[in-house]
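J.: What follows is a single structure, and I will ask about it in a moment.
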Amino acid sequence: MTFTLPATTQDRPVTVIGAGTLGRRIALMFATRGGLVRVYDPSAEAGEAACAYVAQELPDVVKTIDGGRPGTVESVTDLPRALADAWLVVEAVPERLDLKKRIFRDLDELAEPDAILASNSSSYATSNLVDSVRSPERLLNLHFYMPPRQNAADVMSCGRTDHGAIELLLKVLPEYGIHPFEARRESTGFIFNRVWAAIKRESLAVVADGVSTPADVDRMWQLNMGVPVGPFRMMDSVGLDVVLDIENHYAAERPGLPEGPRELLRTYVDAGRLGVKTGSGFYDDYRQQV
């Protein structure tokens, strides 16, 4: 199978696979240029919730983007229909490699021949997915942080990506208010997340060791760094199950990492306290946000 770059990105949809915390935020950003975004999720309820989130946030977000105008986001439970004519497909499913491999086999089979296939994975390089696709030239990482507040994105090759696909994303993404940065060699954690991982892990460690509390660490971080939220609020926003999946992946690659941070996370995850999406995590004041 031969891959050629998308002839056009105009008047063609973007498809997001997964309607969770990040999937809906990615869909929001791609809905700021007046076009169509499809959110695929086998759960119609999750897809409808994603569309409701976009409808609520989109009017304010488009005001922050030069030339922005509200687009359309639709929820789709049929994968072939979701992928029809899409020039870009962004996978945003949980951080489980077996699941991602299965998803990319389906995407490779069903997506348009010129569609770029991107993984939003925060911890798995797409080199792990090369065997799942026939055209690795169109496969890459496109990792978002927490849009629309944090609009940086990492773009990283799978090792065999056509660099023209990376160049196209570096050119086009700013039109959606997304600021892309190329990771110039494979890196677990990409660029910013390698730094963030160390901060996050040590924050968890001082709490796991009984040295401090989530609230005190966050308040100290706010005062010293001049930022609105600290590491524990940020982890609650991402989802503690997601944070634990990521930490488990880092630990598998680097066996010497301390166990305490992961044990602390497991305590919360096992109790069903996943952060904002469940109404409680390190903090208990999210009920109004769920």
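Ordering of the structure tokens sets the chain letters (A, B, ...), residue numbers begin anew at 1 in every chain, and ligands are numbered from 1 in the order given.
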Leaving out A:Phe3 and any residue of its chain fewer than 2 positions from it, which residues lie within 7 Å of it when counting only C-alpha atoms, given as an NGL selection string?
T.: :A and (1 or 5 or 113-114 or 135 or 137-138)
J.: Taking 4 positions as the minimum chain separation for residues in the same chain, which residues sit within 9 Å of A:Gly34 when counting only C-alpha atoms? Answer as a list in words.
T.: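 Final neighbour list, sorted by chain and number: Phe30, Gly68, Arg69, Pro70, Gly71 and Thr72 of chain A.
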J.: Show which residues sit within 8 Å of stretch 55-67 of chain A, as a PyMOL selection string. Count only C-alpha atoms, and ignore same-chain residues fewer than 5 positions away.
T.: chain A and resi 28+31-33+148+175-177
J.: Create the file for the chosen residues now, containing N, CA and C atoms and written as a PDB file, in the first residue's frame.
T.:
ATOM      1  N   LEU A  28     -12.706  19.576  20.116  1.00  0.00           N
ATOM      2  CA  LEU A  28     -13.000  20.998  20.285  1.00  0.00           C
ATOM      3  C   LEU A  28     -12.051  21.858  19.457  1.00  0.00           C
ATOM      4  N   ALA A  31     -12.634  21.851  15.784  1.00  0.00           N
ATOM      5  CA  ALA A  31     -13.922  22.422  15.397  1.00  0.00           C
ATOM      6  C   ALA A  31     -13.878  23.944  15.334  1.00  0.00           C
ATOM      7  N   THR A  32     -12.690  24.531  15.331  1.00  0.00           N
ATOM      8  CA  THR A  32     -12.576  25.991  15.385  1.00  0.00           C
ATOM      9  C   THR A  32     -12.368  26.646  14.029  1.00  0.00           C
ATOM     10  N   ARG A  33     -12.443  25.857  12.933  1.00  0.00           N
ATOM     11  CA  ARG A  33     -12.231  26.416  11.594  1.00  0.00           C
ATOM     12  C   ARG A  33     -13.450  26.238  10.693  1.00  0.00           C
ATOM     13  N   PRO A 148      -8.439  23.362  25.814  1.00  0.00           N
ATOM     14  CA  PRO A 148      -7.892  24.539  25.133  1.00  0.00           C
ATOM     15  C   PRO A 148      -6.965  25.391  25.990  1.00  0.00           C
ATOM     16  N   GLU A 175      -3.388  26.831  12.514  1.00  0.00           N
ATOM     17  CA  GLU A 175      -4.658  27.402  12.066  1.00  0.00           C
ATOM     18  C   GLU A 175      -5.792  27.043  13.016  1.00  0.00           C
ATOM     19  N   TYR A 176      -5.615  25.980  13.789  1.00  0.00           N
ATOM     20  CA  TYR A 176      -6.619  25.554  14.766  1.00  0.00           C
ATOM     21  C   TYR A 176      -6.272  26.010  16.184  1.00  0.00           C
ATOM     22  N   GLY A 177      -5.296  26.877  16.309  1.00  0.00           N
ATOM     23  CA  GLY A 177      -4.885  27.334  17.629  1.00  0.00           C
ATOM     24  C   GLY A 177      -4.030  26.341  18.375  1.00  0.00           C
TER      25      GLY A 177
END
J.: Which residues, written as JSON, numbers by chain, have at least one atom at most 8 Å from stretch 79-92 of chain A, with only C-alpha atoms counted and residues fewer than 5 positions away on the same chain left out?
T.: {"A": [6, 8, 9, 12, 13, 14, 15, 16, 17, 18, 19, 20, 22, 23, 38, 39, 40, 110, 111, 112, 114, 115, 116, 117, 118, 119, 120, 121, 142]}
J.: Give me, as a ChimeraX atom specification, all polymer residues having an atom no more than 10 Å from A:Val133, counting only C-alpha atoms and skipping those fewer than 3 positions away in the same chain.
T.: /A:1,101,104-109,117,129-130,136-139
J.: Could you produce a table of the residues of stretch 114-144 of chain A lying within 12 Å of stretch 226-243 of chain A, with the nearest pair of atoms per residue and their separation in Å rounded to one decimal, using only C-alpha atoms, ordered by chain and increasing residue number, as JSON lines?
T.:
{"residue": "A:Ser121", "atom": "CA", "partner": "A:Val242", "partner_atom": "CA", "distance": 10.5}
{"residue": "A:Ser122", "atom": "CA", "partner": "A:Val242", "partner_atom": "CA", "distance": 9.5}
{"residue": "A:Ser123", "atom": "CA", "partner": "A:Val243", "partner_atom": "CA", "distance": 10.1}
{"residue": "A:Phe144", "atom": "CA", "partner": "A:Val238", "partner_atom": "CA", "distance": 11.6}
J.: What is the atom CA of A:Asn151-atom CA of A:Leu173 distance in Å, reported with one decimal?
T.: 10.2 Å
J.: Excluding A:Glu263 and residues on its chain fewer than 2 positions from it, collect all residues at most 12 Å away from it, counting only C-alpha atoms, and give them as a VMD selection string.
T.: chain A and resid 201 204 to 205 207 to 209 240 244 247 to 248 258 to 261 265 to 270
J.: Output N, CA and C atoms of each residue in that selection to a file, as a JSON list (two decimals), in the first residue's frame.
T.:
[["chain", "number", "residue", "atom", "x", "y", "z"],
["A", 201, "ARG", "N", 6.21, 12.72, 39.43],
["A", 201, "ARG", "CA", 6.64, 11.57, 40.22],
["A", 201, "ARG", "C", 7.17, 12.00, 41.58],
["A", 204, "LEU", "N", 4.25, 13.06, 43.82],
["A", 204, "LEU", "CA", 3.61, 11.87, 44.38],
["A", 204, "LEU", "C", 4.46, 11.26, 45.48],
["A", 205, "ALA", "N", 5.78, 11.28, 45.29],
["A", 205, "ALA", "CA", 6.67, 10.66, 46.27],
["A", 205, "ALA", "C", 6.65, 11.37, 47.61],
["A", 207, "VAL", "N", 4.25, 12.94, 48.94],
["A", 207, "VAL", "CA", 2.99, 12.60, 49.61],
["A", 207, "VAL", "C", 3.00, 11.14, 50.05],
["A", 208, "ALA", "N", 3.46, 10.23, 49.18],
["A", 208, "ALA", "CA", 3.54, 8.81, 49.53],
["A", 208, "ALA", "C", 4.45, 8.59, 50.73],
["A", 209, "ASP", "N", 5.49, 9.40, 50.86],
["A", 209, "ASP", "CA", 6.43, 9.27, 51.97],
["A", 209, "ASP", "C", 5.93, 9.95, 53.25],
["A", 240, "LEU", "N", -6.72, 9.99, 37.18],
["A", 240, "LEU", "CA", -5.67, 9.25, 37.89],
["A", 240, "LEU", "C", -5.46, 7.86, 37.32],
["A", 244, "LEU", "N", -1.81, 6.65, 36.18],
["A", 244, "LEU", "CA", -1.25, 5.37, 36.62],
["A", 244, "LEU", "C", -0.81, 4.52, 35.43],
["A", 247, "GLU", "N", 2.47, 5.94, 34.31],
["A", 247, "GLU", "CA", 3.55, 5.63, 35.24],
["A", 247, "GLU", "C", 3.96, 4.16, 35.15],
["A", 248, "ASN", "N", 2.98, 3.28, 34.95],
["A", 248, "ASN", "CA", 3.31, 1.86, 34.79],
["A", 248, "ASN", "C", 4.17, 1.64, 33.54],
["A", 258, "PRO", "N", 10.99, 4.49, 41.63],
["A", 258, "PRO", "CA", 10.40, 4.13, 42.93],
["A", 258, "PRO", "C", 8.95, 3.68, 42.79],
["A", 259, "GLU", "N", 8.56, 2.75, 43.64],
["A", 259, "GLU", "CA", 7.21, 2.17, 43.60],
["A", 259, "GLU", "C", 6.18, 3.06, 44.32],
["A", 260, "GLY", "N", 6.63, 3.87, 45.30],
["A", 260, "GLY", "CA", 5.72, 4.66, 46.12],
["A", 260, "GLY", "C", 4.72, 5.50, 45.35],
["A", 261, "PRO", "N", 5.13, 6.26, 44.33],
["A", 261, "PRO", "CA", 4.17, 7.06, 43.58],
["A", 261, "PRO", "C", 3.07, 6.22, 42.94],
["A", 265, "LEU", "N", -1.08, 6.19, 43.71],
["A", 265, "LEU", "CA", -2.08, 6.29, 42.65],
["A", 265, "LEU", "C", -3.05, 5.12, 42.68],
["A", 266, "ARG", "N", -2.53, 3.90, 42.89],
["A", 266, "ARG", "CA", -3.41, 2.71, 42.93],
["A", 266, "ARG", "C", -4.45, 2.83, 44.05],
["A", 267, "THR", "N", -4.06, 3.41, 45.17],
["A", 267, "THR", "CA", -5.00, 3.58, 46.28],
["A", 267, "THR", "C", -6.22, 4.38, 45.84],
["A", 268, "TYR", "N", -5.98, 5.45, 45.11],
["A", 268, "TYR", "CA", -7.08, 6.29, 44.63],
["A", 268, "TYR", "C", -7.86, 5.61, 43.51],
["A", 269, "VAL", "N", -7.16, 5.01, 42.58],
["A", 269, "VAL", "CA", -7.83, 4.36, 41.45],
["A", 269, "VAL", "C", -8.70, 3.20, 41.94],
["A", 270, "ASP", "N", -8.17, 2.38, 42.85],
["A", 270, "ASP", "CA", -8.94, 1.25, 43.37],
["A", 270, "ASP", "C", -10.18, 1.71, 44.13]]
J.: Considering only alpha helix (DSSP H) as DSSP defines it on the backbone, what residues of stretch 23-243 of chain A qualify? List them as a ChimeraX atom specification.
T.: /A:23-30,44-62,79-83,97-110,163-172,192-208,214-225,231-238,240-243
J.: How far is it from atom CA of A:Ala183 to atom CA of A:Ser157, in Å with one decimal?
T.: 7.9 Å
J.: So how far away is atom CA of A:Asn193 from atom CA of A:Phe181, in Å?
T.: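 Interatomic distance here is 12.5 Å.
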J.: Using only C-alpha atoms, pick whichever of A:Ile246, A:Leu168, A:Ala7, A:Leu36 has the shortest atom-to-atom distance to A:Lys200.
T.: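 Of the candidates, the smallest distance to A:Lys200 is held by A:Ile246.
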J.: Determine the nearest neighbour of A:Cys51 from the options A:Val73, A:Ile191, A:Leu97, A:Val276, counting only C-alpha atoms.
T.: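 Looking at the shortest contact to A:Cys51, the residue is A:Val73.
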